[in-house]
Amino acid sequence: MELEVLKNEDDFLEFIVKGERHTFPNLLKSKLLEDKSVVFVSYVLKHPFDDDSVFSLRTSGKKPKKALEEALKEIEVDLDDFSKGVKKALK
């Protein structure tokens with residue numbers, strides 16, 4: 001998965017997640033919305049056939065990069081927990 005940063009400001013980050021349509025971007029957006037420092041987060045596909053998601057993230061009191069890193073770590077923990085649950089259930 002490739003990331004291209006379009007804007008990186010104190011309270012705003014805009015980036016493209018290349019090769020991702022809705023599955024991962026929607027998960028990331030949902031996790032970011034759990035962060036109280038996130039004022040706004042959204043992603044858009046510029047065209048219905050596009051494979052790149054353009055994210056916009058605005059924060060207050062925390063750098064957007066920090067909010068993004070924390071959300072990604074939480075997703076990693078959630079996926080690890082889910083994997084353990086599946087392995088346990090399918091023994």
# chains A, B, ... in the order shown; residues from 1 in each chain; ligands from 1

$ residues_around --residues "range 28-31 of chain A" --least-positions-apart "6" --cutoff "9 Å" --atoms "only C-alpha atoms" --output "JSON list (two decimals) with all heavy atoms, in the first residue's frame"
[["chain", "number", "residue", "atom", "x", "y", "z"],
["A", 41, "VAL", "N", -12.65, 14.14, 9.48],
["A", 41, "VAL", "CA", -11.93, 13.17, 8.66],
["A", 41, "VAL", "C", -12.89, 12.66, 7.60],
["A", 41, "VAL", "O", -14.07, 12.41, 7.87],
["A", 41, "VAL", "CB", -11.34, 11.99, 9.48],
["A", 41, "VAL", "CG1", -12.42, 11.18, 10.17],
["A", 41, "VAL", "CG2", -10.47, 11.10, 8.61],
["A", 42, "SER", "N", -12.38, 12.55, 6.41],
["A", 42, "SER", "CA", -13.18, 12.05, 5.30],
["A", 42, "SER", "C", -12.25, 11.52, 4.23],
["A", 42, "SER", "O", -11.07, 11.86, 4.19],
["A", 42, "SER", "CB", -14.03, 13.18, 4.73],
["A", 42, "SER", "OG", -14.86, 12.70, 3.69],
["A", 43, "TYR", "N", -12.80, 10.67, 3.38],
["A", 43, "TYR", "CA", -12.06, 10.25, 2.20],
["A", 43, "TYR", "C", -13.00, 10.26, 1.02],
["A", 43, "TYR", "O", -14.21, 10.18, 1.17],
["A", 43, "TYR", "CB", -11.40, 8.88, 2.39],
["A", 43, "TYR", "CG", -12.35, 7.71, 2.33],
["A", 43, "TYR", "CD1", -12.61, 7.06, 1.13],
["A", 43, "TYR", "CD2", -12.99, 7.25, 3.47],
["A", 43, "TYR", "CE1", -13.48, 5.99, 1.07],
["A", 43, "TYR", "CE2", -13.86, 6.18, 3.43],
["A", 43, "TYR", "CZ", -14.10, 5.56, 2.22],
["A", 43, "TYR", "OH", -14.97, 4.50, 2.16],
["A", 55, "PHE", "N", -7.69, 11.20, 1.42],
["A", 55, "PHE", "CA", -8.08, 11.47, 2.80],
["A", 55, "PHE", "C", -7.83, 12.92, 3.16],
["A", 55, "PHE", "O", -6.83, 13.51, 2.76],
["A", 55, "PHE", "CB", -7.22, 10.62, 3.76],
["A", 55, "PHE", "CG", -7.90, 9.40, 4.25],
["A", 55, "PHE", "CD1", -7.83, 8.23, 3.52],
["A", 55, "PHE", "CD2", -8.58, 9.40, 5.45],
["A", 55, "PHE", "CE1", -8.44, 7.08, 3.98],
["A", 55, "PHE", "CE2", -9.19, 8.25, 5.91],
["A", 55, "PHE", "CZ", -9.12, 7.10, 5.18],
["A", 68, "LEU", "N", -3.07, 9.77, 13.23],
["A", 68, "LEU", "CA", -3.02, 8.70, 12.22],
["A", 68, "LEU", "C", -2.23, 7.50, 12.74],
["A", 68, "LEU", "O", -2.68, 6.36, 12.63],
["A", 68, "LEU", "CB", -2.42, 9.24, 10.92],
["A", 68, "LEU", "CG", -2.30, 8.28, 9.76],
["A", 68, "LEU", "CD1", -3.68, 7.75, 9.34],
["A", 68, "LEU", "CD2", -1.63, 8.97, 8.57],
["A", 71, "ALA", "N", -4.26, 5.64, 15.39],
["A", 71, "ALA", "CA", -5.37, 4.90, 14.79],
["A", 71, "ALA", "C", -4.86, 3.62, 14.13],
["A", 71, "ALA", "O", -5.47, 2.56, 14.27],
["A", 71, "ALA", "CB", -6.10, 5.77, 13.77],
["A", 72, "LEU", "N", -3.74, 3.71, 13.44],
["A", 72, "LEU", "CA", -3.17, 2.53, 12.79],
["A", 72, "LEU", "C", -2.74, 1.48, 13.81],
["A", 72, "LEU", "O", -2.94, 0.28, 13.59],
["A", 72, "LEU", "CB", -2.00, 2.93, 11.89],
["A", 72, "LEU", "CG", -2.39, 3.75, 10.67],
["A", 72, "LEU", "CD1", -1.16, 4.30, 9.96],
["A", 72, "LEU", "CD2", -3.25, 2.93, 9.71],
["A", 74, "GLU", "N", -4.12, 1.04, 16.76],
["A", 74, "GLU", "CA", -5.36, 0.46, 17.27],
["A", 74, "GLU", "C", -5.95, -0.55, 16.29],
["A", 74, "GLU", "O", -6.47, -1.59, 16.70],
["A", 74, "GLU", "CB", -6.37, 1.56, 17.59],
["A", 74, "GLU", "CG", -5.99, 2.39, 18.79],
["A", 74, "GLU", "CD", -6.96, 3.52, 19.06],
["A", 74, "GLU", "OE1", -8.12, 3.44, 18.59],
["A", 74, "GLU", "OE2", -6.55, 4.48, 19.73],
["A", 75, "ILE", "N", -5.88, -0.24, 15.01],
["A", 75, "ILE", "CA", -6.36, -1.18, 13.99],
["A", 75, "ILE", "C", -5.54, -2.46, 14.04],
["A", 75, "ILE", "O", -6.09, -3.56, 13.97],
["A", 75, "ILE", "CB", -6.31, -0.54, 12.58],
["A", 75, "ILE", "CG1", -7.39, 0.54, 12.46],
["A", 75, "ILE", "CG2", -6.46, -1.60, 11.49],
["A", 75, "ILE", "CD1", -7.28, 1.39, 11.21]]

$ select_by_dssp --residues "chain A" --states "helix (DSSP H, G or I)" --output "PDB file with N, CA and C atoms, in the first residue's frame"
ATOM      1  N   THR A  23     -12.579  -0.434   1.557  1.00  0.00           N
ATOM      2  CA  THR A  23     -12.434  -1.323   2.707  1.00  0.00           C
ATOM      3  C   THR A  23     -11.500  -0.749   3.770  1.00  0.00           C
ATOM      4  N   PHE A  24     -10.255  -0.564   3.431  1.00  0.00           N
ATOM      5  CA  PHE A  24      -9.318  -0.015   4.413  1.00  0.00           C
ATOM      6  C   PHE A  24      -9.602   1.454   4.733  1.00  0.00           C
ATOM      7  N   PRO A  25      -9.860   2.309   3.741  1.00  0.00           N
ATOM      8  CA  PRO A  25     -10.147   3.706   4.065  1.00  0.00           C
ATOM      9  C   PRO A  25     -11.334   3.883   5.017  1.00  0.00           C
ATOM     10  N   ASN A  26     -12.371   3.093   4.852  1.00  0.00           N
ATOM     11  CA  ASN A  26     -13.532   3.200   5.747  1.00  0.00           C
ATOM     12  C   ASN A  26     -13.159   2.764   7.163  1.00  0.00           C
ATOM     13  N   LEU A  27     -12.369   1.718   7.287  1.00  0.00           N
ATOM     14  CA  LEU A  27     -11.902   1.262   8.597  1.00  0.00           C
ATOM     15  C   LEU A  27     -11.053   2.348   9.257  1.00  0.00           C
ATOM     16  N   LEU A  28     -10.135   2.932   8.502  1.00  0.00           N
ATOM     17  CA  LEU A  28      -9.273   3.983   9.036  1.00  0.00           C
ATOM     18  C   LEU A  28     -10.091   5.210   9.453  1.00  0.00           C
ATOM     19  N   LYS A  29     -11.017   5.601   8.629  1.00  0.00           N
ATOM     20  CA  LYS A  29     -11.878   6.747   8.945  1.00  0.00           C
ATOM     21  C   LYS A  29     -12.650   6.496  10.241  1.00  0.00           C
ATOM     22  N   SER A  30     -13.234   5.307  10.370  1.00  0.00           N
ATOM     23  CA  SER A  30     -14.004   4.967  11.576  1.00  0.00           C
ATOM     24  C   SER A  30     -13.134   5.014  12.825  1.00  0.00           C
ATOM     25  N   LYS A  31     -11.929   4.501  12.719  1.00  0.00           N
ATOM     26  CA  LYS A  31     -11.019   4.492  13.875  1.00  0.00           C
ATOM     27  C   LYS A  31     -10.582   5.913  14.222  1.00  0.00           C
ATOM     28  N   LEU A  32     -10.311   6.744  13.224  1.00  0.00           N
ATOM     29  CA  LEU A  32      -9.924   8.132  13.478  1.00  0.00           C
ATOM     30  C   LEU A  32     -11.051   8.911  14.148  1.00  0.00           C
ATOM     31  N   LEU A  33     -12.289   8.619  13.800  1.00  0.00           N
ATOM     32  CA  LEU A  33     -13.430   9.310  14.394  1.00  0.00           C
ATOM     33  C   LEU A  33     -13.582   9.022  15.891  1.00  0.00           C
ATOM     34  N   PRO A  64      -1.965  15.808  13.236  1.00  0.00           N
ATOM     35  CA  PRO A  64      -2.665  14.788  12.446  1.00  0.00           C
ATOM     36  C   PRO A  64      -1.846  13.509  12.270  1.00  0.00           C
ATOM     37  N   LYS A  65      -0.538  13.664  12.112  1.00  0.00           N
ATOM     38  CA  LYS A  65       0.325  12.484  11.960  1.00  0.00           C
ATOM     39  C   LYS A  65       0.237  11.591  13.195  1.00  0.00           C
ATOM     40  N   LYS A  66       0.215  12.201  14.372  1.00  0.00           N
ATOM     41  CA  LYS A  66       0.117  11.440  15.623  1.00  0.00           C
ATOM     42  C   LYS A  66      -1.223  10.714  15.705  1.00  0.00           C
ATOM     43  N   ALA A  67      -2.307  11.408  15.345  1.00  0.00           N
ATOM     44  CA  ALA A  67      -3.634  10.779  15.356  1.00  0.00           C
ATOM     45  C   ALA A  67      -3.674   9.602  14.385  1.00  0.00           C
ATOM     46  N   LEU A  68      -3.071   9.767  13.226  1.00  0.00           N
ATOM     47  CA  LEU A  68      -3.023   8.699  12.222  1.00  0.00           C
ATOM     48  C   LEU A  68      -2.230   7.503  12.738  1.00  0.00           C
ATOM     49  N   GLU A  69      -1.067   7.763  13.324  1.00  0.00           N
ATOM     50  CA  GLU A  69      -0.240   6.679  13.864  1.00  0.00           C
ATOM     51  C   GLU A  69      -0.979   5.910  14.955  1.00  0.00           C
ATOM     52  N   GLU A  70      -1.659   6.626  15.843  1.00  0.00           N
ATOM     53  CA  GLU A  70      -2.400   5.968  16.927  1.00  0.00           C
ATOM     54  C   GLU A  70      -3.556   5.130  16.385  1.00  0.00           C
ATOM     55  N   ALA A  71      -4.260   5.644  15.389  1.00  0.00           N
ATOM     56  CA  ALA A  71      -5.373   4.897  14.786  1.00  0.00           C
ATOM     57  C   ALA A  71      -4.856   3.620  14.133  1.00  0.00           C
ATOM     58  N   LEU A  72      -3.738   3.714  13.445  1.00  0.00           N
ATOM     59  CA  LEU A  72      -3.171   2.531  12.791  1.00  0.00           C
ATOM     60  C   LEU A  72      -2.739   1.478  13.807  1.00  0.00           C
ATOM     61  N   LYS A  73      -2.178   1.911  14.936  1.00  0.00           N
ATOM     62  CA  LYS A  73      -1.804   0.963  15.991  1.00  0.00           C
ATOM     63  C   LYS A  73      -3.038   0.275  16.572  1.00  0.00           C
ATOM     64  N   GLU A  74      -4.123   1.044  16.756  1.00  0.00           N
ATOM     65  CA  GLU A  74      -5.361   0.457  17.272  1.00  0.00           C
ATOM     66  C   GLU A  74      -5.953  -0.546  16.289  1.00  0.00           C
ATOM     67  N   ILE A  75      -5.881  -0.244  15.010  1.00  0.00           N
ATOM     68  CA  ILE A  75      -6.362  -1.182  13.987  1.00  0.00           C
ATOM     69  C   ILE A  75      -5.541  -2.462  14.036  1.00  0.00           C
ATOM     70  N   GLU A  76      -4.245  -2.316  14.194  1.00  0.00           N
ATOM     71  CA  GLU A  76      -3.359  -3.484  14.274  1.00  0.00           C
ATOM     72  C   GLU A  76      -3.731  -4.368  15.478  1.00  0.00           C
ATOM     73  N   VAL A  77      -3.998  -3.748  16.612  1.00  0.00           N
ATOM     74  CA  VAL A  77      -4.412  -4.494  17.812  1.00  0.00           C
ATOM     75  C   VAL A  77      -5.756  -5.185  17.573  1.00  0.00           C
ATOM     76  N   ASP A  78      -6.697  -4.464  16.980  1.00  0.00           N
ATOM     77  CA  ASP A  78      -8.017  -5.050  16.690  1.00  0.00           C
ATOM     78  C   ASP A  78      -7.896  -6.262  15.766  1.00  0.00           C
ATOM     79  N   LEU A  79      -7.072  -6.145  14.739  1.00  0.00           N
ATOM     80  CA  LEU A  79      -6.892  -7.256  13.800  1.00  0.00           C
ATOM     81  C   LEU A  79      -6.209  -8.441  14.460  1.00  0.00           C
ATOM     82  N   ASP A  80      -5.259  -8.168  15.342  1.00  0.00           N
ATOM     83  CA  ASP A  80      -4.587  -9.242  16.070  1.00  0.00           C
ATOM     84  C   ASP A  80      -5.576  -9.956  16.996  1.00  0.00           C
ATOM     85  N   ASP A  81      -6.407  -9.177  17.693  1.00  0.00           N
ATOM     86  CA  ASP A  81      -7.432  -9.778  18.562  1.00  0.00           C
ATOM     87  C   ASP A  81      -8.414 -10.621  17.756  1.00  0.00           C
ATOM     88  N   PHE A  82      -8.815 -10.109  16.604  1.00  0.00           N
ATOM     89  CA  PHE A  82      -9.740 -10.849  15.749  1.00  0.00           C
ATOM     90  C   PHE A  82      -9.109 -12.149  15.262  1.00  0.00           C
ATOM     91  N   SER A  83      -7.848 -12.071  14.862  1.00  0.00           N
ATOM     92  CA  SER A  83      -7.134 -13.269  14.406  1.00  0.00           C
ATOM     93  C   SER A  83      -7.063 -14.323  15.506  1.00  0.00           C
ATOM     94  N   LYS A  84      -6.756 -13.906  16.717  1.00  0.00           N
ATOM     95  CA  LYS A  84      -6.710 -14.841  17.852  1.00  0.00           C
ATOM     96  C   LYS A  84      -8.081 -15.454  18.106  1.00  0.00           C
ATOM     97  N   GLY A  85      -9.126 -14.632  18.011  1.00  0.00           N
ATOM     98  CA  GLY A  85     -10.483 -15.134  18.211  1.00  0.00           C
ATOM     99  C   GLY A  85     -10.873 -16.168  17.169  1.00  0.00           C
ATOM    100  N   VAL A  86     -10.502 -15.928  15.916  1.00  0.00           N
ATOM    101  CA  VAL A  86     -10.802 -16.879  14.849  1.00  0.00           C
ATOM    102  C   VAL A  86     -10.058 -18.192  15.079  1.00  0.00           C
ATOM    103  N   LYS A  87      -8.782 -18.106  15.428  1.00  0.00           N
ATOM    104  CA  LYS A  87      -7.990 -19.312  15.664  1.00  0.00           C
ATOM    105  C   LYS A  87      -8.573 -20.131  16.821  1.00  0.00           C
ATOM    106  N   LYS A  88      -9.002 -19.423  17.856  1.00  0.00           N
ATOM    107  CA  LYS A  88      -9.581 -20.108  19.029  1.00  0.00           C
ATOM    108  C   LYS A  88     -10.920 -20.767  18.650  1.00  0.00           C
ATOM    109  N   ALA A  89     -11.733 -20.074  17.889  1.00  0.00           N
ATOM    110  CA  ALA A  89     -13.052 -20.585  17.533  1.00  0.00           C
ATOM    111  C   ALA A  89     -12.958 -21.762  16.553  1.00  0.00           C
TER     112      ALA A  89
END

$ select_by_dssp --residues "range 2-89 of chain A" --states "strand (DSSP E or B)" --output "list in words"
Glu2, Leu3, Glu4, Val5, Leu6, Lys7, Asn8, Phe12, Leu13, Glu14, Phe15, Ile16, Val17, Lys18, Val38, Val39, Phe40, Val41, Ser42, Tyr43, Val44, Leu45, Ser53, Val54, Phe55, Ser56, Leu57, Arg58 and Thr59 of chain A

$ residues_around --residues "Asp50 in chain A" --least-positions-apart "2" --cutoff "12 Å" --atoms "only C-alpha atoms" --output "list of chain:residue names"
A:Ile16, A:Val17, A:Lys18, A:Gly19, A:Glu20, A:Arg21, A:His22, A:Val44, A:Leu45, A:Lys46, A:His47, A:Pro48, A:Asp52, A:Ser53, A:Val54

$ write_last_selection --atoms "C-alpha atoms" --output "PDB file, in the first residue's frame"
ATOM      1  CA  ILE A  16      -3.754   9.561  -1.026  1.00  0.00           C
ATOM      2  CA  VAL A  17      -3.941   5.872  -0.196  1.00  0.00           C
ATOM      3  CA  LYS A  18      -3.094   4.274  -3.522  1.00  0.00           C
ATOM      4  CA  GLY A  19      -4.784   1.074  -4.583  1.00  0.00           C
ATOM      5  CA  GLU A  20      -7.477   1.251  -1.903  1.00  0.00           C
ATOM      6  CA  ARG A  21     -11.134   1.981  -2.602  1.00  0.00           C
ATOM      7  CA  HIS A  22     -13.371   1.604   0.460  1.00  0.00           C
ATOM      8  CA  VAL A  44     -13.233  10.445  -1.351  1.00  0.00           C
ATOM      9  CA  LEU A  45     -12.714   8.600  -4.607  1.00  0.00           C
ATOM     10  CA  LYS A  46     -12.313  11.252  -7.283  1.00  0.00           C
ATOM     11  CA  HIS A  47     -13.950   8.969  -9.878  1.00  0.00           C
ATOM     12  CA  PRO A  48     -16.121   5.824  -9.544  1.00  0.00           C
ATOM     13  CA  ASP A  52      -7.054   5.737  -4.946  1.00  0.00           C
ATOM     14  CA  SER A  53      -8.687   7.240  -1.853  1.00  0.00           C
ATOM     15  CA  VAL A  54      -7.967  10.859  -0.980  1.00  0.00           C
TER      16      VAL A  54
END
